[in-house]
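Have a look at final.cif; it's mmCIF, C-alpha atoms:
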data_protein
#
loop_
_atom_site.label_atom_id
_atom_site.label_comp_id
_atom_site.auth_asym_id
_atom_site.auth_seq_id
_atom_site.Cartn_x
_atom_site.Cartn_y
_atom_site.Cartn_z
CA MET A 247 141.44 129.54 23.87
CA LYS A 248 140.20 132.75 22.25
CA MET A 249 142.19 135.72 23.50
CA LEU A 250 141.32 139.37 23.98
CA PRO A 251 143.33 141.80 21.85
CA GLY A 252 146.57 143.20 23.19
CA VAL A 253 146.31 146.88 24.02
CA GLY A 254 148.58 149.81 23.27
CA VAL A 255 147.94 152.79 25.54
CA PHE A 256 148.83 156.30 24.45
CA GLY A 257 149.17 158.73 27.34
CA THR A 258 150.66 159.01 30.81
CA GLY A 259 148.10 161.28 32.48
CA SER A 260 145.33 160.57 34.98
CA SER A 261 143.08 158.80 32.47
CA ALA A 262 145.85 156.42 31.41
CA ARG A 263 146.73 155.69 35.03
CA VAL A 264 143.13 154.63 35.63
CA LEU A 265 142.66 152.86 32.30
CA VAL A 266 145.59 150.43 32.57
CA PRO A 267 144.40 148.64 35.76
CA LEU A 268 140.80 148.65 34.50
CA LEU A 269 141.87 146.94 31.26
CA ARG A 270 143.84 144.33 33.18
CA ALA A 271 140.93 143.69 35.54
CA GLU A 272 138.81 142.72 32.53
CA GLY A 273 141.44 140.37 31.12
CA PHE A 274 143.19 142.63 28.60
CA THR A 275 146.98 142.63 28.35
CA VAL A 276 148.62 146.04 28.06
CA GLU A 277 151.44 145.31 25.64
CA ALA A 278 152.81 148.81 25.05
CA LEU A 279 152.76 152.31 26.51
CA TRP A 280 153.48 155.61 24.74
CA GLY A 281 154.55 158.79 26.48
CA LYS A 282 155.34 162.27 25.18
CA THR A 283 158.90 161.75 26.36
CA GLU A 284 160.91 158.62 27.04
CA GLU A 285 161.19 159.63 30.71
CA GLU A 286 157.41 159.98 31.14
CA ALA A 287 156.79 156.64 29.45
CA LYS A 288 159.43 154.88 31.52
CA GLN A 289 158.13 156.28 34.80
CA LEU A 290 154.55 155.10 34.27
CA ALA A 291 155.64 151.80 32.69
CA GLU A 292 157.71 150.93 35.75
CA GLU A 293 154.88 152.02 38.05
CA MET A 294 152.32 149.93 36.14
CA ASN A 295 154.68 147.04 35.35
CA ILE A 296 154.40 147.46 31.56
CA THR A 297 157.31 145.82 29.77
CA PHE A 298 157.40 147.86 26.55
CA TYR A 299 157.36 151.65 26.57
CA THR A 300 158.39 154.30 24.07
CA SER A 301 158.00 157.92 22.94
CA ARG A 302 157.80 156.88 19.28
CA THR A 303 154.30 156.47 17.87
CA ASP A 304 155.16 153.82 15.30
CA ASP A 305 156.76 151.57 17.90
CA VAL A 306 153.33 151.09 19.48
CA LEU A 307 151.25 151.03 16.31
CA LEU A 308 153.52 148.46 14.63
CA HIS A 309 153.83 146.29 17.75
CA GLN A 310 152.83 142.80 16.63
CA ASP A 311 150.84 142.08 19.82
CA VAL A 312 148.84 145.34 19.81
CA ASP A 313 145.42 145.09 18.14
CA LEU A 314 143.50 147.70 20.17
CA VAL A 315 144.77 151.24 20.64
CA CYS A 316 143.48 153.44 23.49
CA ILE A 317 144.39 157.11 23.01
CA ASN A 318 144.24 159.38 26.08
CA ILE A 319 146.46 162.29 25.10
CA PRO A 320 146.12 166.05 24.45
CA PRO A 321 143.59 166.71 21.62
CA PRO A 322 146.11 168.14 19.12
CA LEU A 323 147.76 164.71 18.83
CA THR A 324 144.61 162.57 18.73
CA ARG A 325 143.83 162.85 15.02
CA GLN A 326 147.32 161.99 13.82
CA ILE A 327 147.61 158.82 15.90
CA SER A 328 144.03 157.58 15.47
CA VAL A 329 144.09 157.98 11.67
CA LYS A 330 147.45 156.24 11.42
CA ALA A 331 146.29 153.42 13.70
CA LEU A 332 143.25 152.72 11.52
CA GLY A 333 145.42 152.75 8.42
CA ILE A 334 147.66 150.08 9.95
CA GLY A 335 144.63 147.97 10.86
CA LYS A 336 144.25 148.63 14.59
CA ASN A 337 140.96 149.11 16.47
CA VAL A 338 140.79 152.56 18.10
CA VAL A 339 139.16 154.05 21.18
CA CYS A 340 140.19 157.67 21.66
CA GLU A 341 139.32 161.02 23.14
CA LYS A 342 137.83 163.88 21.10
CA ALA A 343 139.85 165.79 18.51
CA ALA A 344 141.07 169.37 18.87
CA THR A 345 139.19 170.87 15.92
CA SER A 346 136.38 170.11 13.49
CA VAL A 347 138.92 169.61 10.71
CA ASP A 348 140.76 167.00 12.76
CA ALA A 349 137.45 165.32 13.62
CA PHE A 350 136.49 165.27 9.93
CA ARG A 351 139.78 163.59 9.01
CA MET A 352 139.11 160.95 11.66
CA VAL A 353 135.64 160.35 10.22
CA THR A 354 137.14 159.97 6.74
CA ALA A 355 139.60 157.36 8.00
CA SER A 356 136.87 155.44 9.84
CA ARG A 357 134.81 155.30 6.63
CA TYR A 358 137.76 153.77 4.79
CA TYR A 359 138.01 151.01 7.41
CA PRO A 360 134.43 150.31 8.55
CA GLN A 361 135.34 146.85 9.83
CA LEU A 362 137.62 148.37 12.49
CA MET A 363 136.42 149.80 15.80
CA SER A 364 136.58 153.60 15.82
CA LEU A 365 135.00 154.99 18.98
CA VAL A 366 135.16 158.26 20.89
CA GLY A 367 135.39 157.51 24.59
CA ASN A 368 132.45 159.47 25.99
CA VAL A 369 132.16 157.29 29.07
CA LEU A 370 128.90 158.98 30.16
CA ARG A 371 127.03 156.97 27.52
CA PHE A 372 127.99 153.72 29.28
CA LEU A 373 126.61 154.67 32.70
CA PRO A 374 123.51 152.59 33.57
CA ALA A 375 121.65 155.76 34.58
CA PHE A 376 121.91 157.18 31.07
CA VAL A 377 121.33 153.82 29.39
CA ARG A 378 118.10 153.54 31.39
CA MET A 379 117.19 157.19 30.81
CA LYS A 380 117.44 156.72 27.05
CA GLN A 381 115.22 153.63 27.26
CA LEU A 382 112.59 155.45 29.33
CA ILE A 383 112.54 158.43 26.97
CA ALA A 384 111.98 156.04 24.07
CA GLU A 385 109.15 154.43 26.07
CA HIS A 386 107.55 157.90 26.53
CA TYR A 387 108.04 158.06 30.29
CA VAL A 388 108.32 161.85 29.97
CA GLY A 389 106.02 162.11 26.95
CA ALA A 390 107.14 164.52 24.23
CA VAL A 391 110.57 165.91 25.14
CA MET A 392 110.43 169.67 25.68
CA ILE A 393 113.42 170.74 27.78
CA CYS A 394 116.92 169.43 28.49
CA ASP A 395 118.91 170.96 31.32
CA ALA A 396 122.46 169.99 32.26
CA ARG A 397 124.67 171.41 34.99
CA VAL A 398 128.32 170.67 35.70
CA TYR A 399 130.05 172.37 38.63
CA SER A 400 133.70 171.75 39.38
CA GLY A 401 136.89 173.31 40.61
CA SER A 402 139.39 174.74 38.14
CA LEU A 403 140.55 172.47 35.33
CA LEU A 404 143.82 174.37 35.01
CA SER A 405 147.12 172.94 36.21
CA PRO A 406 149.91 175.00 37.84
CA SER A 407 151.89 175.02 34.58
CA TYR A 408 150.71 176.18 31.15
CA GLY A 409 149.42 173.38 28.95
CA TRP A 410 147.06 172.56 26.11
CA ILE A 411 144.00 172.89 28.35
CA CYS A 412 144.71 176.64 28.56
CA ASP A 413 144.59 177.10 24.77
CA GLU A 414 141.34 177.18 22.79
CA LEU A 415 143.09 176.39 19.50
CA MET A 416 144.55 173.22 21.05
CA GLY A 417 141.15 171.99 22.22
CA GLY A 418 141.48 173.39 25.73
CA GLY A 419 138.95 175.06 28.01
CA GLY A 420 135.96 173.70 29.90
CA LEU A 421 133.58 173.98 26.94
CA HIS A 422 135.69 171.61 24.88
CA THR A 423 136.88 169.39 27.72
CA MET A 424 133.48 168.58 29.23
CA GLY A 425 130.95 170.54 27.19
CA THR A 426 131.44 168.40 24.09
CA TYR A 427 130.48 165.25 25.97
CA ILE A 428 127.37 166.90 27.44
CA VAL A 429 126.31 167.99 23.94
CA ASP A 430 126.85 164.45 22.70
CA LEU A 431 124.99 162.95 25.66
CA LEU A 432 121.87 165.11 25.18
CA THR A 433 121.68 164.18 21.50
CA HIS A 434 122.23 160.52 22.36
CA LEU A 435 119.42 160.58 24.94
CA THR A 436 116.82 162.48 22.93
CA GLY A 437 117.71 161.61 19.35
CA GLN A 438 117.63 165.33 18.54
CA ARG A 439 120.56 167.33 17.18
CA ALA A 440 121.33 170.99 17.73
CA GLU A 441 120.55 173.05 14.64
CA LYS A 442 120.93 176.76 15.43
CA MET A 443 121.94 176.70 19.07
CA LEU A 444 118.53 175.04 19.54
CA MET A 445 117.74 171.33 19.54
CA GLY A 446 115.72 169.99 16.64
CA GLY A 447 112.08 169.05 17.14
CA GLY A 448 111.36 172.15 19.22
CA VAL A 449 113.45 170.93 22.17
CA CYS A 450 115.11 173.67 24.25
CA SER A 451 118.42 172.82 25.92
CA THR A 452 120.36 174.67 28.60
CA VAL A 453 123.87 173.63 29.62
CA THR A 454 125.66 175.34 32.51
CA LEU A 455 129.38 174.71 32.97
CA ASN A 456 131.06 176.33 35.97
CA PHE A 457 134.66 175.50 36.74
CA ASN A 458 135.08 178.02 39.52
CA MET A 459 133.22 176.00 42.17
CA PRO A 460 135.56 174.40 44.72
CA GLY A 461 134.10 171.47 46.58
CA ALA A 462 132.15 168.44 45.48
CA PHE A 463 131.86 167.74 41.75
CA VAL A 464 128.26 168.27 40.62
CA HIS A 465 126.84 166.62 37.49
CA GLU A 466 123.09 166.74 36.83
CA VAL A 467 121.19 166.06 33.61
CA MET A 468 117.42 166.62 33.42
CA VAL A 469 115.01 165.84 30.59
CA VAL A 470 111.51 167.32 30.92
CA GLY A 471 108.58 166.29 28.76
CA SER A 472 104.84 166.71 28.47
CA ALA A 473 104.19 163.79 30.88
CA GLY A 474 107.02 164.03 33.40
CA ARG A 475 110.75 164.37 33.94
CA LEU A 476 113.89 162.30 34.40
CA VAL A 477 116.92 163.49 36.37
CA ALA A 478 120.34 161.88 36.55
CA ARG A 479 122.17 163.19 39.62
CA GLY A 480 125.64 161.85 39.43
CA ALA A 481 125.25 158.16 38.54
CA ASP A 482 121.73 157.76 40.03
CA LEU A 483 118.48 158.19 38.10
CA TYR A 484 115.27 159.74 39.40
CA GLY A 485 111.93 160.26 37.73
CA GLN A 486 108.61 161.95 38.34
CA LYS A 487 105.39 161.77 36.38
CA ASN A 488 103.23 164.88 36.24
CA SER A 489 100.53 162.96 38.10
CA ALA A 490 102.89 162.02 40.97
CA SER A 491 103.39 164.13 44.09
CA GLN A 492 107.11 163.39 44.39
CA GLU A 493 109.93 161.91 42.39
CA GLU A 494 110.99 158.27 42.65
CA LEU A 495 114.39 156.61 42.58
CA LEU A 496 114.55 154.59 39.37
CA LEU A 497 118.17 153.40 39.46
CA ARG A 498 120.92 153.61 42.05
CA ASP A 499 124.43 152.92 40.88
CA SER A 500 126.14 150.97 43.65
CA LEU A 501 129.32 150.20 41.71
CA ALA A 502 132.35 150.45 43.99
CA VAL A 503 135.49 151.79 42.32
CA GLY A 504 138.97 152.44 43.60
CA SER A 505 140.19 148.95 44.39
CA GLY A 506 143.42 148.28 42.53
CA LEU A 507 143.62 151.83 41.16
CA PRO A 508 146.61 154.12 41.78
CA GLU A 509 145.99 157.05 44.13
CA GLN A 510 146.79 159.86 41.68
CA GLY A 511 144.40 158.83 38.89
CA PRO A 512 141.13 158.58 40.87
CA GLN A 513 141.86 161.85 42.67
CA ASP A 514 142.03 163.71 39.37
CA VAL A 515 139.06 161.99 37.69
CA PRO A 516 135.50 162.61 39.03
CA LEU A 517 133.77 159.51 40.41
CA LEU A 518 131.09 159.70 37.72
CA TYR A 519 133.72 159.42 35.00
CA LEU A 520 135.58 156.68 36.87
CA LYS A 521 132.42 154.61 36.89
CA GLY A 522 131.87 155.36 33.22
CA MET A 523 135.38 154.12 32.42
CA VAL A 524 134.70 150.88 34.31
CA TYR A 525 131.50 150.25 32.35
CA MET A 526 133.18 151.17 29.05
CA VAL A 527 136.04 148.71 29.58
CA GLN A 528 133.55 146.00 30.55
CA ALA A 529 131.67 146.66 27.31
CA LEU A 530 134.92 146.46 25.33
CA ARG A 531 135.69 143.09 26.87
CA GLN A 532 132.23 141.81 25.96
CA SER A 533 132.68 143.14 22.43
CA PHE A 534 135.95 141.29 21.80
CA GLN A 535 135.25 138.20 23.89
CA GLY A 536 134.63 134.99 22.01
CA GLN A 537 135.70 136.34 18.64
CA GLY A 538 137.65 134.13 16.27
CA ASP A 539 140.23 136.85 15.59
CA ARG A 540 141.70 139.38 18.00
CA ARG A 541 140.78 142.24 15.68
CA THR A 542 137.14 141.30 15.14
CA TRP A 543 134.49 142.61 17.48
CA ASP A 544 130.77 142.48 18.20
CA HIS A 545 128.98 145.81 17.78
CA THR A 546 126.15 145.05 20.23
CA PRO A 547 127.96 145.50 23.60
CA VAL A 548 129.29 148.89 22.51
CA SER A 549 126.21 150.03 20.59
CA MET A 550 125.77 152.97 22.98
CA ALA A 551 129.30 154.28 22.29
CA ALA A 552 130.00 157.51 20.41
CA SER A 553 131.37 157.08 16.89
CA PHE A 554 133.84 159.32 15.08
CA GLU A 555 130.77 160.76 13.32
CA ASP A 556 129.41 161.75 16.75
CA GLY A 557 132.80 163.26 17.55
CA LEU A 558 132.56 165.50 14.50
CA TYR A 559 129.03 166.57 15.45
CA MET A 560 129.92 167.47 19.05
CA GLN A 561 132.90 169.51 17.86
CA SER A 562 130.68 171.28 15.31
CA VAL A 563 128.25 172.34 18.05
CA VAL A 564 131.09 173.71 20.17
CA ASP A 565 132.37 175.67 17.17
CA ALA A 566 128.90 177.16 16.66
CA ILE A 567 128.73 178.15 20.34
CA LYS A 568 132.06 179.94 20.04
CA ARG A 569 130.94 181.75 16.87
CA SER A 570 127.72 182.77 18.59
CA SER A 571 129.67 184.11 21.56
CA ARG A 572 131.82 186.25 19.29
CA SER A 573 129.02 187.52 17.04
CA GLY A 574 126.32 187.93 19.68
CA GLU A 575 123.86 186.23 17.32
CA TRP A 576 122.32 182.79 16.82
CA GLU A 577 124.67 180.69 14.70
CA ALA A 578 123.80 177.57 12.71
CA VAL A 579 125.55 174.28 13.49
CA GLU A 580 127.53 173.41 10.38
CA VAL A 581 128.91 169.86 10.20
CA LEU A 582 131.75 169.53 7.71
CA THR A 583 131.04 167.40 4.65
CA GLU A 584 134.39 168.11 2.99
CA GLU A 585 137.75 169.30 4.18
CA PRO A 586 138.03 173.10 4.00
CA ASP A 587 140.89 174.98 2.40
CA ALA A 588 143.89 175.11 4.76
CA ASN A 589 144.61 178.77 3.97
CA GLN A 590 141.08 179.74 5.01
CA ASN A 591 141.51 178.02 8.39
CA LEU A 592 144.81 179.87 8.92
CA CYS A 593 143.21 183.23 8.14
CA GLU A 594 140.35 182.56 10.56
CA ALA A 595 142.77 181.57 13.33
CA LEU A 596 144.82 184.73 12.82
CA GLN A 597 141.68 186.86 12.88
CA ARG A 598 140.61 185.30 16.20
CA ASN A 599 144.04 185.98 17.71
CA ASN A 600 143.95 189.59 16.55
CA LEU A 601 140.51 190.07 18.11
#
Write the structure described by the file as structure tokens, please.
Amino acid sequence: MKMLPGVGVFGTGSSARVLVPLLRAEGFTVEALWGKTEEEAKQLAEEMNITFYTSRTDDVLLHQDVDLVCINIPPPLTRQISVKALGIGKNVVCEKAATSVDAFRMVTASRYYPQLMSLVGNVLRFLPAFVRMKQLIAEHYVGAVMICDARVYSGSLLSPSYGWICDELMGGGGLHTMGTYIVDLLTHLTGQRAEKMLMGGGVCSTVTLNFNMPGAFVHEVMVVGSAGRLVARGADLYGQKNSASQEELLLRDSLAVGSGLPEQGPQDVPLLYLKGMVYMVQALRQSFQGQGDRRTWDHTPVSMAASFEDGLYMQSVVDAIKRSSRSGEWEAVEVLTEEPDANQNLCEALQRNNL
């Protein structure tokens, strides 16, 4: 019988708490768990009934039964573990990096090992609403794309204690935490990349992120064209042609989530992202299912996923936004093609702190 790859999970936060039961529901075996400390790893391992746990990276990466590594940890650690995992021969699904330099190093590693899976886990891409929206845009439902508008309203992302999410240099803040994935999603949907804080092809994009809005989580993405518009409200898709008097429901996502999940994880993760995680894990199972080797995979089921190259692009756009905010001028999006001098990066970081 052909088996799915064993999984090593890095992280003990909300995402990891949700991911472990989702992996098991699709037939994956979670062979190892990594935590920042031995105590954190032990606590979640006992809660999730995971036999092997550790605070040492190599213990997971060198585990003989681990062939797929899922990395859900603070951004400053993502590059180190993902690059090392690829070098050892493991398939990798991870969160975004902390900086463009880290993202570039991840891209370099993925190019060395093209046969291995190297995906950035932007779960929004897997939602049926956005899969269908991309198809309809390609079929000219909206005509020529003119405007993209995205809005995300949420309560504070900050925790009671100081952590990486409070520090820009560690990949923290709402712009990096959620803004990167919105940037990636808009490019994925339209096929246009940001050039100078404007989308290519004459497309104008507006993204509003507000993390001072207690109450229901709001996530809306609209694409307007010469012939109509498409709107994804949460996980449902609506559309309206210019000739129509009102919009129509094109896709309703009726997926029920929560069964078998721990209480803490789903409370901390918006429903939209929970659904995206479910669809992503299902796609991973389809990708590995039926393969002759536990490390081989089929690209088709995960063709909508973000690559490490996409991860570098989304980080580059965020960097340009930050530069534009500081300078008060339009700034070009510059995607790294070679690793910059380390001393130059240090000088720039010190200058930002002084300002």
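In this model, the gap between atom CA of A:Arg498 and atom CA of A:Cys316 comes to 29.2 Å.
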Selection under test: the PyMOL selection byres ((chain A and resi 376) around 12); residues as a PyMOL selection string: chain A and resi 368-375+377-383+428+431-436+466-469+476-484+496-499+518+522+525+550-551
Selection export as a compact mmCIF listing (two decimals), keeping the file's coordinate frame, atoms kept: C-alpha atoms:
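Result file follows (result30.txt):
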# COMPACT_ATOMS: atom_id res chain seq x y z
CA ASN A 368 132.45 159.47 25.99
CA VAL A 369 132.16 157.29 29.07
CA LEU A 370 128.90 158.98 30.16
CA ARG A 371 127.03 156.97 27.52
CA PHE A 372 127.99 153.72 29.28
CA LEU A 373 126.61 154.67 32.70
CA PRO A 374 123.51 152.59 33.57
CA ALA A 375 121.65 155.76 34.58
CA VAL A 377 121.33 153.82 29.39
CA ARG A 378 118.10 153.54 31.39
CA MET A 379 117.19 157.19 30.81
CA LYS A 380 117.44 156.72 27.05
CA GLN A 381 115.22 153.63 27.26
CA LEU A 382 112.59 155.45 29.33
CA ILE A 383 112.54 158.43 26.97
CA ILE A 428 127.37 166.90 27.44
CA LEU A 431 124.99 162.95 25.66
CA LEU A 432 121.87 165.11 25.18
CA THR A 433 121.68 164.18 21.50
CA HIS A 434 122.23 160.52 22.36
CA LEU A 435 119.42 160.58 24.94
CA THR A 436 116.82 162.48 22.93
CA GLU A 466 123.09 166.74 36.83
CA VAL A 467 121.19 166.06 33.61
CA MET A 468 117.42 166.62 33.42
CA VAL A 469 115.01 165.84 30.59
CA LEU A 476 113.89 162.30 34.40
CA VAL A 477 116.92 163.49 36.37
CA ALA A 478 120.34 161.88 36.55
CA ARG A 479 122.17 163.19 39.62
CA GLY A 480 125.64 161.85 39.43
CA ALA A 481 125.25 158.16 38.54
CA ASP A 482 121.73 157.76 40.03
CA LEU A 483 118.48 158.19 38.10
CA TYR A 484 115.27 159.74 39.40
CA LEU A 496 114.55 154.59 39.37
CA LEU A 497 118.17 153.40 39.46
CA ARG A 498 120.92 153.61 42.05
CA ASP A 499 124.43 152.92 40.88
CA LEU A 518 131.09 159.70 37.72
CA GLY A 522 131.87 155.36 33.22
CA TYR A 525 131.50 150.25 32.35
CA MET A 550 125.77 152.97 22.98
CA ALA A 551 129.30 154.28 22.29
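Each of A:Tyr399, A:Tyr299, A:Trp543, A:Phe554 was checked against A:Asn456 using all atoms listed in the file; the smallest atom-to-atom distance is that of A:Tyr399.
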Going by the chain IDs and residue numbers used in this file, which residues fall under the PyMOL selection byres ((chain A and resi 410) around 12)? Write them as a ChimeraX atom specification. /A:319-323,344,403-405,407-409,411-420,422-423
For the PyMOL selection byres ((chain A and resi 315) around 9), applied here, can you spell out every residue it catches as a PDB file with C-alpha atoms, in the frame of the given file?
ATOM      1  CA  GLY A 252     146.570 143.200  23.190  1.00  0.00           C
ATOM      2  CA  VAL A 253     146.310 146.880  24.020  1.00  0.00           C
ATOM      3  CA  GLY A 254     148.580 149.810  23.270  1.00  0.00           C
ATOM      4  CA  VAL A 255     147.940 152.790  25.540  1.00  0.00           C
ATOM      5  CA  PHE A 256     148.830 156.300  24.450  1.00  0.00           C
ATOM      6  CA  VAL A 306     153.330 151.090  19.480  1.00  0.00           C
ATOM      7  CA  LEU A 307     151.250 151.030  16.310  1.00  0.00           C
ATOM      8  CA  VAL A 312     148.840 145.340  19.810  1.00  0.00           C
ATOM      9  CA  ASP A 313     145.420 145.090  18.140  1.00  0.00           C
ATOM     10  CA  LEU A 314     143.500 147.700  20.170  1.00  0.00           C
ATOM     11  CA  CYS A 316     143.480 153.440  23.490  1.00  0.00           C
ATOM     12  CA  ILE A 317     144.390 157.110  23.010  1.00  0.00           C
ATOM     13  CA  SER A 328     144.030 157.580  15.470  1.00  0.00           C
ATOM     14  CA  ALA A 331     146.290 153.420  13.700  1.00  0.00           C
ATOM     15  CA  LYS A 336     144.250 148.630  14.590  1.00  0.00           C
ATOM     16  CA  ASN A 337     140.960 149.110  16.470  1.00  0.00           C
ATOM     17  CA  VAL A 338     140.790 152.560  18.100  1.00  0.00           C
ATOM     18  CA  VAL A 339     139.160 154.050  21.180  1.00  0.00           C
ATOM     19  CA  CYS A 340     140.190 157.670  21.660  1.00  0.00           C
TER      20      CYS A 340
END
Which residues are close to A:Phe457, i.e. within 6 Å by only C-alpha atoms, leaving aside same-chain residues fewer than 5 positions away? Reply as a ChimeraX atom specification. /A:399-402
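Atom CA of A:Val391 is positioned 23.6 Å from atom CA of A:Val464.
With all atoms listed in the file as the atoms that count, the residue of A:Val581, A:Leu332, A:Pro547, A:His465 with the shortest distance to A:Tyr358 is A:Leu332.
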Identify which of the residues A:Thr303, A:Ser549, A:Ser562, A:Ser570 lies closest to A:Ala440, counting only C-alpha atoms when measuring atom-to-atom distances. A:Ser562
Within 10 Å of A:Thr297 using only C-alpha atoms, minus same-chain residues under 2 positions, as a ChimeraX atom specification: /A:276-279,288,291-292,294-295,299
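Distance annotation: of A:Pro516, A:Thr583, A:Asp311, A:Asp544, the residue with the minimal separation from A:Gly461 is A:Pro516; atom set is only C-alpha atoms.
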Taking the partial coordinates given, rebuild stretch 315-330 of chain A to contain N, CA, C and O atoms; return it as a PDB file, in the coordinates of the input.
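Okay, part06.pdb is ready:
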ATOM      1  N   VAL A 315     144.036 150.053  20.218  1.00  0.00           N
ATOM      2  CA  VAL A 315     144.770 151.240  20.640  1.00  0.00           C
ATOM      3  C   VAL A 315     143.840 152.153  21.430  1.00  0.00           C
ATOM      4  O   VAL A 315     142.763 152.517  20.946  1.00  0.00           O
ATOM      5  N   CYS A 316     144.240 152.512  22.642  1.00  0.00           N
ATOM      6  CA  CYS A 316     143.480 153.440  23.490  1.00  0.00           C
ATOM      7  C   CYS A 316     144.277 154.737  23.597  1.00  0.00           C
ATOM      8  O   CYS A 316     145.409 154.728  24.092  1.00  0.00           O
ATOM      9  N   ILE A 317     143.682 155.838  23.124  1.00  0.00           N
ATOM     10  CA  ILE A 317     144.390 157.110  23.010  1.00  0.00           C
ATOM     11  C   ILE A 317     143.833 158.101  24.014  1.00  0.00           C
ATOM     12  O   ILE A 317     142.707 158.569  23.873  1.00  0.00           O
ATOM     13  N   ASN A 318     144.623 158.423  25.041  1.00  0.00           N
ATOM     14  CA  ASN A 318     144.240 159.380  26.080  1.00  0.00           C
ATOM     15  C   ASN A 318     145.329 160.430  26.190  1.00  0.00           C
ATOM     16  O   ASN A 318     146.103 160.453  27.150  1.00  0.00           O
ATOM     17  N   ILE A 319     145.390 161.304  25.204  1.00  0.00           N
ATOM     18  CA  ILE A 319     146.460 162.290  25.100  1.00  0.00           C
ATOM     19  C   ILE A 319     145.854 163.654  24.784  1.00  0.00           C
ATOM     20  O   ILE A 319     144.655 163.751  24.513  1.00  0.00           O
ATOM     21  N   PRO A 320     146.654 164.730  24.805  1.00  0.00           N
ATOM     22  CA  PRO A 320     146.120 166.050  24.450  1.00  0.00           C
ATOM     23  C   PRO A 320     145.475 166.039  23.065  1.00  0.00           C
ATOM     24  O   PRO A 320     145.983 165.389  22.139  1.00  0.00           O
ATOM     25  N   PRO A 321     144.340 166.734  22.886  1.00  0.00           N
ATOM     26  CA  PRO A 321     143.590 166.710  21.620  1.00  0.00           C
ATOM     27  C   PRO A 321     144.391 166.990  20.354  1.00  0.00           C
ATOM     28  O   PRO A 321     144.106 166.375  19.324  1.00  0.00           O
ATOM     29  N   PRO A 322     145.401 167.884  20.375  1.00  0.00           N
ATOM     30  CA  PRO A 322     146.110 168.140  19.120  1.00  0.00           C
ATOM     31  C   PRO A 322     146.804 166.921  18.521  1.00  0.00           C
ATOM     32  O   PRO A 322     147.118 166.908  17.328  1.00  0.00           O
ATOM     33  N   LEU A 323     147.064 165.894  19.321  1.00  0.00           N
ATOM     34  CA  LEU A 323     147.760 164.710  18.830  1.00  0.00           C
ATOM     35  C   LEU A 323     146.802 163.564  18.479  1.00  0.00           C
ATOM     36  O   LEU A 323     147.221 162.577  17.865  1.00  0.00           O
ATOM     37  N   THR A 324     145.551 163.685  18.869  1.00  0.00           N
ATOM     38  CA  THR A 324     144.610 162.570  18.730  1.00  0.00           C
ATOM     39  C   THR A 324     144.366 162.179  17.282  1.00  0.00           C
ATOM     40  O   THR A 324     144.388 160.997  16.928  1.00  0.00           O
ATOM     41  N   ARG A 325     144.137 163.151  16.423  1.00  0.00           N
ATOM     42  CA  ARG A 325     143.830 162.850  15.020  1.00  0.00           C
ATOM     43  C   ARG A 325     144.955 162.098  14.346  1.00  0.00           C
ATOM     44  O   ARG A 325     144.743 161.092  13.682  1.00  0.00           O
ATOM     45  N   GLN A 326     146.177 162.584  14.501  1.00  0.00           N
ATOM     46  CA  GLN A 326     147.320 161.990  13.820  1.00  0.00           C
ATOM     47  C   GLN A 326     147.470 160.502  14.181  1.00  0.00           C
ATOM     48  O   GLN A 326     147.644 159.651  13.302  1.00  0.00           O
ATOM     49  N   ILE A 327     147.385 160.197  15.470  1.00  0.00           N
ATOM     50  CA  ILE A 327     147.610 158.820  15.900  1.00  0.00           C
ATOM     51  C   ILE A 327     146.434 157.926  15.554  1.00  0.00           C
ATOM     52  O   ILE A 327     146.606 156.790  15.102  1.00  0.00           O
ATOM     53  N   SER A 328     145.201 158.418  15.743  1.00  0.00           N
ATOM     54  CA  SER A 328     144.030 157.580  15.470  1.00  0.00           C
ATOM     55  C   SER A 328     143.915 157.239  13.987  1.00  0.00           C
ATOM     56  O   SER A 328     143.615 156.096  13.622  1.00  0.00           O
ATOM     57  N   VAL A 329     144.163 158.222  13.116  1.00  0.00           N
ATOM     58  CA  VAL A 329     144.090 157.980  11.670  1.00  0.00           C
ATOM     59  C   VAL A 329     145.157 156.988  11.236  1.00  0.00           C
ATOM     60  O   VAL A 329     144.902 156.065  10.457  1.00  0.00           O
ATOM     61  N   LYS A 330     146.360 157.148  11.771  1.00  0.00           N
ATOM     62  CA  LYS A 330     147.450 156.240  11.420  1.00  0.00           C
ATOM     63  C   LYS A 330     147.174 154.832  11.929  1.00  0.00           C
ATOM     64  O   LYS A 330     147.449 153.841  11.246  1.00  0.00           O
TER      65      LYS A 330
END
